[in-house]
file data-v4.pdb (PDB, C-alpha atoms)
MODEL        1
ATOM      1  CA  MET V   1       0.000   0.000   0.000
ATOM      2  CA  ILE V   2       1.334   3.421  -0.990
ATOM      3  CA  VAL V   3       0.232   6.346   1.207
ATOM      4  CA  VAL V   4       0.833  10.000   0.441
ATOM      5  CA  GLY V   5       0.993  12.174   3.555
ATOM      6  CA  ILE V   6       0.588  15.944   3.360
ATOM      7  CA  PRO V   7       1.262  18.302   6.278
ATOM      8  CA  ALA V   8      -0.875  21.383   5.691
ATOM      9  CA  TYR V   9      -1.369  24.737   7.380
ATOM     10  CA  ASN V  10      -3.752  27.295   5.861
ATOM     11  CA  GLU V  11      -3.535  25.751   2.392
ATOM     12  CA  GLU V  12      -7.143  26.140   1.212
ATOM     13  CA  LYS V  13      -5.953  27.648  -2.090
ATOM     14  CA  HIS V  14      -3.954  24.580  -3.064
ATOM     15  CA  ILE V  15      -4.815  21.515  -0.978
ATOM     16  CA  ALA V  16      -7.705  20.223  -3.121
ATOM     17  CA  ASN V  17      -5.601  20.202  -6.301
ATOM     18  CA  VAL V  18      -2.702  18.522  -4.499
ATOM     19  CA  VAL V  19      -4.950  15.793  -3.102
ATOM     20  CA  ARG V  20      -6.702  15.114  -6.409
ATOM     21  CA  GLU V  21      -3.408  14.829  -8.302
ATOM     22  CA  ALA V  22      -1.702  12.739  -5.617
ATOM     23  CA  LYS V  23      -4.583  10.232  -5.581
ATOM     24  CA  LYS V  24      -3.636   9.192  -9.104
ATOM     25  CA  TYR V  25      -0.368   7.688  -7.865
ATOM     26  CA  CYS V  26      -1.208   6.096  -4.496
ATOM     27  CA  ASP V  27      -3.744   4.039  -2.582
ATOM     28  CA  LYS V  28      -4.562   6.617   0.092
ATOM     29  CA  VAL V  29      -3.953  10.310   0.730
ATOM     30  CA  VAL V  30      -3.751  11.517   4.331
ATOM     31  CA  VAL V  31      -3.710  15.225   5.149
ATOM     32  CA  VAL V  32      -2.699  16.525   8.570
ATOM     33  CA  ASP V  33      -4.394  19.880   9.047
ATOM     34  CA  ASP V  34      -2.055  21.549  11.537
ATOM     35  CA  GLY V  35      -4.467  23.959  13.189
ATOM     36  CA  SER V  36      -5.462  25.821  10.031
ATOM     37  CA  LYS V  37      -7.727  28.832  10.399
ATOM     38  CA  ASP V  38      -9.195  28.404   6.925
ATOM     39  CA  HIS V  39     -11.050  25.584   5.152
ATOM     40  CA  THR V  40      -8.048  23.327   4.535
ATOM     41  CA  SER V  41      -9.518  20.261   6.249
ATOM     42  CA  GLU V  42     -12.931  20.524   4.591
ATOM     43  CA  LEU V  43     -11.501  20.958   1.098
ATOM     44  CA  ALA V  44      -9.007  18.134   1.600
ATOM     45  CA  HIS V  45     -11.799  15.816   2.727
ATOM     46  CA  GLN V  46     -13.999  16.783  -0.227
ATOM     47  CA  ALA V  47     -11.107  16.057  -2.578
ATOM     48  CA  GLY V  48     -10.889  12.513  -1.240
ATOM     49  CA  ALA V  49      -8.258  12.638   1.501
ATOM     50  CA  GLU V  50      -8.447  11.188   4.959
ATOM     51  CA  VAL V  51      -7.915  14.118   7.318
ATOM     52  CA  LEU V  52      -6.281  14.298  10.734
ATOM     53  CA  ILE V  53      -6.842  17.617  12.457
ATOM     54  CA  HIS V  54      -4.738  19.359  15.098
ATOM     55  CA  LEU V  55      -6.919  21.758  17.032
ATOM     56  CA  ARG V  56      -3.962  24.156  17.239
ATOM     57  CA  ASN V  57      -0.809  24.713  15.235
ATOM     58  CA  MET V  58       1.978  22.438  16.466
ATOM     59  CA  GLY V  59       4.537  22.582  13.673
ATOM     60  CA  LYS V  60       5.592  20.503  10.699
ATOM     61  CA  GLY V  61       7.536  18.076  12.874
ATOM     62  CA  GLN V  62       4.417  17.052  14.776
ATOM     63  CA  SER V  63       2.525  16.586  11.504
ATOM     64  CA  LEU V  64       5.290  14.336  10.118
ATOM     65  CA  ARG V  65       5.324  12.350  13.345
ATOM     66  CA  ASP V  66       1.577  11.785  13.050
ATOM     67  CA  LEU V  67       1.967  10.669   9.442
ATOM     68  CA  PHE V  68       4.788   8.243  10.316
ATOM     69  CA  LEU V  69       2.862   6.619  13.134
ATOM     70  CA  TYR V  70      -0.359   6.529  11.124
ATOM     71  CA  ALA V  71       1.367   4.813   8.190
ATOM     72  CA  VAL V  72       2.709   2.178  10.589
ATOM     73  CA  LYS V  73      -0.743   1.671  12.109
ATOM     74  CA  ILE V  74      -2.583   1.065   8.829
ATOM     75  CA  GLY V  75       0.108  -1.305   7.553
ATOM     76  CA  ALA V  76       1.288   0.779   4.602
ATOM     77  CA  ASP V  77       4.343  -0.298   2.640
ATOM     78  CA  ILE V  78       5.579   3.093   1.420
ATOM     79  CA  LEU V  79       4.894   6.587   2.756
ATOM     80  CA  VAL V  80       5.440   9.585   0.487
ATOM     81  CA  THR V  81       5.459  13.027   2.112
ATOM     82  CA  MET V  82       4.943  16.225   0.166
ATOM     83  CA  ASP V  83       3.906  19.811   0.812
ATOM     84  CA  GLY V  84       0.362  21.033   0.356
ATOM     85  CA  ASP V  85       1.192  24.267  -1.463
ATOM     86  CA  GLU V  86       1.576  22.847  -5.007
ATOM     87  CA  GLN V  87       5.323  23.435  -5.072
ATOM     88  CA  HIS V  88       5.842  19.699  -5.536
ATOM     89  CA  ASP V  89       4.677  17.858  -8.638
ATOM     90  CA  PRO V  90       2.556  14.786  -7.725
ATOM     91  CA  SER V  91       3.406  13.174 -11.073
ATOM     92  CA  GLU V  92       6.921  12.608  -9.664
ATOM     93  CA  ILE V  93       5.618  10.398  -6.851
ATOM     94  CA  PRO V  94       6.345   7.219  -8.907
ATOM     95  CA  SER V  95      10.030   8.215  -9.165
ATOM     96  CA  LEU V  96      10.341   8.298  -5.385
ATOM     97  CA  VAL V  97       8.337   5.080  -4.990
ATOM     98  CA  ASN V  98      10.507   3.301  -7.563
ATOM     99  CA  ALA V  99      13.608   4.255  -5.580
ATOM    100  CA  ILE V 100      12.156   2.517  -2.518
ATOM    101  CA  ALA V 101      11.134  -0.485  -4.602
ATOM    102  CA  GLY V 102      14.711  -0.586  -5.868
ATOM    103  CA  GLY V 103      16.107  -1.093  -2.373
ATOM    104  CA  ALA V 104      16.355   2.340  -0.777
ATOM    105  CA  ASP V 105      14.972   2.954   2.704
ATOM    106  CA  VAL V 106      14.651   6.711   2.242
ATOM    107  CA  ALA V 107      14.275   8.434  -1.124
ATOM    108  CA  SER V 108      14.851  12.143  -0.656
ATOM    109  CA  GLY V 109      13.845  14.546  -3.383
ATOM    110  CA  SER V 110      16.532  16.950  -4.550
ATOM    111  CA  ARG V 111      15.591  20.218  -6.202
ATOM    112  CA  PHE V 112      19.212  20.919  -7.081
ATOM    113  CA  LEU V 113      19.646  17.952  -9.405
ATOM    114  CA  LYS V 114      17.509  19.687 -12.024
ATOM    115  CA  GLN V 115      19.010  22.677 -13.801
ATOM    116  CA  ASP V 116      15.692  24.442 -14.319
ATOM    117  CA  VAL V 117      15.129  24.491 -10.552
ATOM    118  CA  LYS V 118      18.557  26.024  -9.942
ATOM    119  CA  THR V 119      17.728  28.917 -12.218
ATOM    120  CA  SER V 120      14.109  29.438 -11.123
ATOM    121  CA  MET V 121      14.604  29.220  -7.344
ATOM    122  CA  PRO V 122      14.457  32.656  -5.688
ATOM    123  CA  THR V 123      17.901  33.920  -4.691
ATOM    124  CA  TYR V 124      17.162  34.104  -0.979
ATOM    125  CA  ARG V 125      15.917  30.517  -0.993
ATOM    126  CA  ARG V 126      18.903  29.274  -2.948
ATOM    127  CA  PHE V 127      21.282  31.043  -0.561
ATOM    128  CA  GLY V 128      19.543  29.692   2.546
ATOM    129  CA  ASN V 129      19.378  26.123   1.251
ATOM    130  CA  THR V 130      22.985  26.190   0.071
ATOM    131  CA  MET V 131      24.122  27.387   3.475
ATOM    132  CA  LEU V 132      22.158  24.710   5.316
ATOM    133  CA  ASN V 133      23.268  21.974   2.935
ATOM    134  CA  SER V 134      26.917  22.902   3.419
ATOM    135  CA  LEU V 135      26.877  22.457   7.179
ATOM    136  CA  ALA V 136      28.816  19.308   8.068
ATOM    137  CA  ILE V 137      26.695  18.611  11.132
ATOM    138  CA  GLN V 138      23.644  18.292   8.916
ATOM    139  CA  ASN V 139      25.023  16.881   5.713
ATOM    140  CA  ALA V 140      27.706  14.308   6.457
ATOM    141  CA  LEU V 141      26.224  12.167   3.665
ATOM    142  CA  GLY V 142      26.998  14.756   1.008
ATOM    143  CA  LEU V 143      23.369  15.187  -0.045
ATOM    144  CA  THR V 144      22.578  18.045  -2.382
ATOM    145  CA  ASP V 145      19.258  18.949  -0.732
ATOM    146  CA  THR V 146      18.619  18.309   2.962
ATOM    147  CA  GLN V 147      15.554  20.549   3.203
ATOM    148  CA  CYS V 148      13.202  19.154   0.570
ATOM    149  CA  GLY V 149       9.997  17.778   2.082
ATOM    150  CA  PHE V 150       9.197  15.633  -0.972
ATOM    151  CA  ARG V 151      10.360  12.174   0.150
ATOM    152  CA  ALA V 152       9.440   8.506   0.229
ATOM    153  CA  TYR V 153      10.053   6.101   3.100
ATOM    154  CA  ARG V 154       9.932   2.349   3.548
ATOM    155  CA  VAL V 155       7.352   2.099   6.321
ATOM    156  CA  SER V 156       9.192  -0.748   8.051
ATOM    157  CA  VAL V 157      11.983   1.698   9.030
ATOM    158  CA  LEU V 158       9.774   4.564  10.206
ATOM    159  CA  ALA V 159       9.644   3.557  13.873
ATOM    160  CA  GLY V 160      13.351   4.283  14.196
ATOM    161  CA  ILE V 161      13.332   7.696  12.523
ATOM    162  CA  VAL V 162      10.209   9.306  13.971
ATOM    163  CA  PRO V 163      11.158  12.977  14.505
ATOM    164  CA  SER V 164      11.142  14.578  17.921
ATOM    165  CA  GLU V 165      11.474  18.117  16.566
ATOM    166  CA  MET V 166       8.247  20.093  16.439
ATOM    167  CA  GLY V 167       9.211  22.599  13.777
ATOM    168  CA  MET V 168      10.949  22.782  10.418
ATOM    169  CA  GLY V 169      14.075  21.080  11.707
ATOM    170  CA  ALA V 170      12.282  17.730  11.552
ATOM    171  CA  ASP V 171      13.354  17.078   7.952
ATOM    172  CA  THR V 172      17.007  17.373   8.946
ATOM    173  CA  GLU V 173      16.528  15.264  12.079
ATOM    174  CA  ILE V 174      14.950  12.457  10.045
ATOM    175  CA  LEU V 175      17.951  12.283   7.707
ATOM    176  CA  ALA V 176      20.358  12.339  10.645
ATOM    177  CA  LYS V 177      18.541   9.473  12.373
ATOM    178  CA  ALA V 178      18.393   7.484   9.139
ATOM    179  CA  ALA V 179      22.145   7.930   8.648
ATOM    180  CA  GLU V 180      22.907   6.884  12.230
ATOM    181  CA  GLN V 181      20.939   3.674  11.727
ATOM    182  CA  GLY V 182      22.776   2.857   8.525
ATOM    183  CA  LEU V 183      19.687   3.138   6.337
ATOM    184  CA  ARG V 184      20.142   3.475   2.602
ATOM    185  CA  ILE V 185      19.374   7.043   1.549
ATOM    186  CA  VAL V 186      19.200   8.009  -2.122
ATOM    187  CA  GLU V 187      18.404  11.272  -3.831
ATOM    188  CA  VAL V 188      15.851  11.568  -6.617
ATOM    189  CA  PRO V 189      15.681  14.642  -8.894
ATOM    190  CA  VAL V 190      12.424  16.517  -8.374
ATOM    191  CA  SER V 191      11.063  19.746  -9.764
ATOM    192  CA  VAL V 192       9.559  22.549  -7.754
ATOM    193  CA  ARG V 193       7.216  25.378  -8.671
ATOM    194  CA  TYR V 194       8.160  28.899  -7.651
ATOM    195  CA  GLY V 195       6.844  32.275  -8.674
ATOM    196  CA  GLU V 196       4.235  33.249  -6.139
ATOM    197  CA  ASP V 197       5.822  32.385  -2.809
ATOM    198  CA  THR V 198       3.318  29.877  -1.536
ATOM    199  CA  SER V 199       5.248  28.934   1.586
ATOM    200  CA  THR V 200       3.499  29.741   4.876
ATOM    201  CA  TYR V 201       6.862  29.846   6.697
ATOM    202  CA  ASN V 202       9.134  32.868   6.972
ATOM    203  CA  PRO V 203      12.416  31.889   5.253
ATOM    204  CA  VAL V 204      14.558  33.515   7.956
ATOM    205  CA  PHE V 205      12.663  31.711  10.701
ATOM    206  CA  HIS V 206      12.904  28.499   8.696
ATOM    207  CA  THR V 207      16.688  28.800   8.412
ATOM    208  CA  LEU V 208      17.157  29.632  12.098
ATOM    209  CA  ASP V 209      14.831  26.802  13.122
ATOM    210  CA  VAL V 210      16.777  24.255  11.074
ATOM    211  CA  LEU V 211      20.112  25.549  12.371
ATOM    212  CA  ALA V 212      18.927  25.315  15.980
ATOM    213  CA  SER V 213      17.563  21.833  15.352
ATOM    214  CA  GLY V 214      20.842  20.660  13.833
ATOM    215  CA  LEU V 215      22.890  22.033  16.706
ATOM    216  CA  LYS V 216      20.590  20.486  19.299
ATOM    217  CA  HIS V 217      20.593  17.129  17.558
ATOM    218  CA  TYR V 218      24.386  17.061  17.273
ATOM    219  CA  SER V 219      24.847  18.176  20.887
ATOM    220  CA  LEU V 220      22.674  15.313  22.125
ATOM    221  CA  ARG V 221      24.189  12.705  19.812
ATOM    222  CA  HIS V 222      27.820  13.695  20.442
ATOM    223  CA  PRO V 223      27.932  15.621  23.743
ATOM    224  CA  LEU V 224      31.595  14.889  24.451
ATOM    225  CA  ILE V 225      32.635  16.430  21.127
ATOM    226  CA  PHE V 226      30.107  19.276  21.123
ATOM    227  CA  TYR V 227      30.820  20.417  24.689
ATOM    228  CA  GLY V 228      34.093  18.679  25.540
ATOM    229  CA  ALA V 229      36.209  19.858  22.597
ATOM    230  CA  PRO V 230      35.452  23.598  23.042
ATOM    231  CA  GLY V 231      35.740  23.164  26.808
ATOM    232  CA  PHE V 232      39.162  21.586  26.485
ATOM    233  CA  ALA V 233      40.286  24.403  24.153
ATOM    234  CA  LEU V 234      39.065  27.024  26.636
ATOM    235  CA  LEU V 235      40.808  25.231  29.485
ATOM    236  CA  ILE V 236      44.104  25.196  27.586
ATOM    237  CA  ALA V 237      43.687  28.877  26.711
ATOM    238  CA  GLY V 238      43.003  29.683  30.351
ATOM    239  CA  LEU V 239      46.031  27.760  31.570
ATOM    240  CA  THR V 240      48.209  29.457  28.950
ATOM    241  CA  THR V 241      46.961  32.888  29.973
ATOM    242  CA  GLY V 242      47.497  32.005  33.617
ATOM    243  CA  PHE V 243      51.028  30.849  32.852
ATOM    244  CA  TYR V 244      51.854  34.219  31.283
ATOM    245  CA  ALA V 245      50.338  36.037  34.278
ATOM    246  CA  ALA V 246      52.371  33.896  36.711
ATOM    247  CA  THR V 247      55.567  34.381  34.685
ATOM    248  CA  GLU V 248      55.064  38.142  34.676
ATOM    249  CA  TYR V 249      54.541  38.133  38.441
ATOM    250  CA  LEU V 250      57.655  36.033  39.122
ATOM    251  CA  THR V 251      59.932  38.029  36.817
ATOM    252  CA  ALA V 252      58.623  41.575  37.158
ATOM    253  CA  HIS V 253      56.769  41.257  40.479
ATOM    254  CA  TYR V 254      53.675  42.622  38.769
ATOM    255  CA  LEU V 255      50.307  40.914  39.028
ATOM    256  CA  SER V 256      48.161  41.551  35.982
ATOM    257  CA  VAL V 257      44.574  41.643  37.187
ATOM    258  CA  VAL V 258      43.248  41.526  33.630
ATOM    259  CA  LEU V 259      45.250  38.414  32.660
ATOM    260  CA  SER V 260      44.327  36.756  35.950
ATOM    261  CA  LEU V 261      40.600  37.395  35.434
ATOM    262  CA  VAL V 262      40.755  36.276  31.806
ATOM    263  CA  SER V 263      42.608  33.106  32.818
ATOM    264  CA  ALA V 264      40.122  32.294  35.595
ATOM    265  CA  THR V 265      37.135  32.956  33.293
ATOM    266  CA  LEU V 266      38.494  30.776  30.506
ATOM    267  CA  MET V 267      39.364  27.900  32.826
ATOM    268  CA  LEU V 268      36.008  28.056  34.649
ATOM    269  CA  THR V 269      34.064  28.176  31.379
ATOM    270  CA  GLY V 270      36.119  25.287  29.998
ATOM    271  CA  LEU V 271      35.565  23.156  33.085
ATOM    272  CA  ILE V 272      31.812  23.855  32.996
ATOM    273  CA  SER V 273      31.655  22.905  29.306
ATOM    274  CA  ILE V 274      33.618  19.680  29.860
ATOM    275  CA  SER V 275      31.437  18.806  32.860
ATOM    276  CA  THR V 276      28.283  19.440  30.817
ATOM    277  CA  GLY V 277      29.536  17.093  28.103
ATOM    278  CA  LEU V 278      30.365  14.360  30.612
ATOM    279  CA  ILE V 279      27.022  14.683  32.413
ATOM    280  CA  LEU V 280      25.034  14.608  29.170
ATOM    281  CA  PHE V 281      27.061  11.667  27.884
ATOM    282  CA  THR V 282      26.326   9.715  31.072
ATOM    283  CA  ILE V 283      22.608  10.520  31.016
ATOM    284  CA  ILE V 284      22.185   9.799  27.301
ATOM    285  CA  THR V 285      24.101   6.514  27.591
ATOM    286  CA  ALA V 286      21.871   5.440  30.485
ATOM    287  CA  VAL V 287      18.714   6.373  28.543
ATOM    288  CA  ARG V 288      19.860   4.487  25.445
ATOM    289  CA  THR V 289      20.802   1.430  27.491
ATOM    290  CA  ASN V 290      17.423   1.475  29.234
ATOM    291  CA  ALA V 291      15.624   1.841  25.891
ATOM    292  CA  LEU V 292      17.397  -1.215  24.499
ATOM    293  CA  THR V 293      16.270  -3.354  27.426
ATOM    294  CA  GLN V 294      12.602  -2.414  27.137
ATOM    295  CA  SER V 295      10.033  -3.280  24.515
ATOM    296  CA  THR V 296       8.708   0.045  23.284
ATOM    297  CA  GLN V 297       5.492   0.540  21.359
ATOM    298  CA  PRO V 298       5.031   3.648  19.239
ATOM    299  CA  ILE V 299       2.064   5.871  20.017
ATOM    300  CA  ILE V 300      -0.321   5.302  17.114
ATOM    301  CA  ILE V 301      -2.593   8.020  15.791
ATOM    302  CA  PRO V 302      -6.183   6.752  16.003
ATOM    303  CA  GLN V 303      -8.254   6.536  12.833
ATOM    304  CA  ALA V 304     -10.478   9.486  13.596
ATOM    305  CA  GLN V 305     -11.431  12.727  11.963
ATOM    306  CA  ARG V 306      -9.975  14.846  14.775
ATOM    307  CA  VAL V 307      -6.658  14.435  16.515
ATOM    308  CA  GLU V 308      -5.605  16.659  19.418
ATOM    309  CA  GLU V 309      -2.131  16.368  20.920
ATOM    310  CA  GLU V 310      -1.280  17.671  24.371
ATOM    311  CA  VAL V 311       1.634  19.708  23.074
ATOM    312  CA  GLU V 312       2.279  23.422  23.334
ATOM    313  CA  PRO V 313       1.799  25.231  20.008
ATOM    314  CA  THR V 314       4.849  26.366  18.115
ATOM    315  CA  SER V 315       5.528  30.042  17.738
TER
ENDMDL
END
call {"tool": "encode", "arguments": {"input": "data-v4.pdb", "output": "structure tokens"}}
result
Amino acid sequence: MIVVGIPAYNEEKHIANVVREAKKYCDKVVVVDDGSKDHTSELAHQAGAEVLIHLRNMGKGQSLRDLFLYAVKIGADILVTMDGDEQHDPSEIPSLVNAIAGGADVASGSRFLKQDVKTSMPTYRRFGNTMLNSLAIQNALGLTDTQCGFRAYRVSVLAGIVPSEMGMGADTEILAKAAEQGLRIVEVPVSVRYGEDTSTYNPVFHTLDVLASGLKHYSLRHPLIFYGAPGFALLIAGLTTGFYAATEYLTAHYLSVVLSLVSATLMLTGLISISTGLILFTIITAVRTNALTQSTQPIIIPQAQRVEEEVEPTS
């Protein structure tokens, strides 16, 4: 069974067309209406989609999480996710599905593998995506497009890559989790429609959200490196500064208050950073060990017309 999942927020202008076109290439279309204030849910339902409704806006990450768990619940084989603003072309769904059928676990659409997209993408979007793609903490796999929401997943692997991020950083987190689990990730060229900016997300906020998500994910996955390495560097700098202050005092009998304060600040900050890394490493190791010894069951989204999560809304 092939399911197309569409996170949507205030997409009444586009959602019906997206649903009708997507239905041609799948067995079921599921729309998560993320607290829309317009008629997104009604129009999606009329177009033939099954609709899950958040009573308040909770972010794209929560919508993707609902779609992942729902696909597992109904026993789907492949889940395709796409945006509800008509930027993605539903006729390209078979290309993503074929990649999964060919052995991939995650087929991630890439807008940058098509020349026409490179030239038509607005400059600010191209700059933001290029910057995010170039960050090593987010793109160790060398992917050309880490931010595209047009993807296909083998449902059997979804339980291990369910995102915890609430906002736009979820797409990056999913790829990071897939890479950590050794899943096969391939890129598939996809087109995208620009012109009128149909995105409901501020591009600056989007970029900052993804950056924050990447930093948080890396800090939790590698706390000793994220906190320990800078802490060690600060500690060395503090000791070096303190050595110069002590040398000056012994040779010239002059105590530099500035060097002494700088040395103490650097060493204290370094020790705090190293301690933070060690504490987080211990806690995370204990949590992971405990998780491996317990049989966990994912929380499944019930098959209902309305879904309300007890989660604070995103800003």
call {"tool": "atom_distance", "arguments": {"input": "data-v4.pdb", "atom1": "atom CA of Val30 of chain V", "atom2": "atom CA of Ile6 of chain V"}}
result
6.3 Å
call {"tool": "residues_near_point", "arguments": {"input": "data-v4.pdb", "point": "(13.5, 14.3, 13.4)", "cutoff": "10 Å", "atoms": "all atoms listed in the file", "output": "JSON, numbers by chain"}}
result
{"V": [61, 62, 64, 65, 161, 162, 163, 164, 165, 166, 167, 168, 169, 170, 171, 172, 173, 174, 175, 176, 177, 178, 213, 214, 217]}
call {"tool": "resolve_selection", "arguments": {"input": "data-v4.pdb", "expression": "the PyMOL selection byres ((chain V and resi 22) around 10)", "output": "list in words"}}
result
Val3, Val4, Gly5, Ile6, Ala16, Asn17, Val18, Val19, Arg20, Glu21, Lys23, Lys24, Tyr25, Cys26, Asp27, Lys28, Val29, Ala49, Val80, Met82, Asp89, Pro90, Ser91, Glu92 and Ile93 of chain V
call {"tool": "resolve_selection", "arguments": {"input": "data-v4.pdb", "expression": "the PyMOL selection byres ((chain V and resi 76-79) around 6)", "output": "list in words"}}
result
Met1, Ile2, Val3, Val4, Ala71, Ile74, Gly75, Val80, Ala152, Tyr153, Arg154 and Val155 of chain V
call {"tool": "resolve_selection", "arguments": {"input": "data-v4.pdb", "expression": "the PyMOL selection byres ((chain V and resi 261-263) around 8)", "output": "list in words"}}
result
Ala237, Gly238, Leu239, Thr240, Thr241, Gly242, Val257, Val258, Leu259, Ser260, Ala264, Thr265, Leu266 and Met267 of chain V
call {"tool": "residues_around", "arguments": {"input": "data-v4.pdb", "residues": "Asp34 of chain V", "least_positions_apart": "5", "cutoff": "8 Å", "atoms": "only C-alpha atoms", "output": "list in words"}}
result
Pro7, Ala8, Tyr9, Ile53, His54, Leu55, Arg56, Asn57, Met58, Gly59, Lys60 and Ser63 of chain V
call {"tool": "closest_residue", "arguments": {"input": "data-v4.pdb", "among": "V:Tyr244, V:Phe112, V:Phe281, V:Tyr70", "to": "Pro223 of chain V", "atoms": "only C-alpha atoms"}}
result
V:Phe281
call {"tool": "closest_residue", "arguments": {"input": "data-v4.pdb", "among": "V:Ala159, V:Ala107, V:Leu235, V:Val51", "to": "Ile274 of chain V", "atoms": "only C-alpha atoms"}}
result
V:Leu235
call {"tool": "atom_distance", "arguments": {"input": "data-v4.pdb", "atom1": "atom CA of Ile15 of chain V", "atom2": "atom CA of Gly35 of chain V"}}
result
14.4 Å
call {"tool": "atom_distance", "arguments": {"input": "data-v4.pdb", "atom1": "atom CA of Gln87 of chain V", "atom2": "atom CA of Arg111 of chain V"}}
result
10.8 Å
call {"tool": "residues_near_point", "arguments": {"input": "data-v4.pdb", "point": "(-9.5, 23.3, 0.7)", "cutoff": "10 Å", "atoms": "only C-alpha atoms", "output": "list in words"}}
result
Asn10, Glu11, Glu12, Lys13, His14, Ile15, Ala16, Asn17, Val18, Val19, Asp38, His39, Thr40, Ser41, Glu42, Leu43, Ala44, His45, Gln46 and Ala47 of chain V
call {"tool": "residues_around", "arguments": {"input": "data-v4.pdb", "residues": "Gly109 of chain V", "least_positions_apart": "2", "cutoff": "8 Å", "atoms": "only C-alpha atoms", "output": "list in words"}}
result
Leu96, Ala107, Arg111, Asp145, Cys148, Gly149, Phe150, Arg151, Glu187, Val188, Pro189 and Val190 of chain V
call {"tool": "axis_aligned_box", "arguments": {"input": "data-v4.pdb", "around": "segment 61-77 of chain V", "padding_each_side": "6 Å", "output": "lines of an AutoDock Vina configuration file"}}
result
center_x = 2.5
center_y = 8.4
center_z = 8.7
size_x = 22.1
size_y = 31.4
size_z = 24.1
call {"tool": "closest_residue", "arguments": {"input": "data-v4.pdb", "among": "V:Thr144, V:Gly182, V:Tyr254, V:Thr81", "to": "Val97 of chain V", "atoms": "only C-alpha atoms"}}
result
V:Thr81
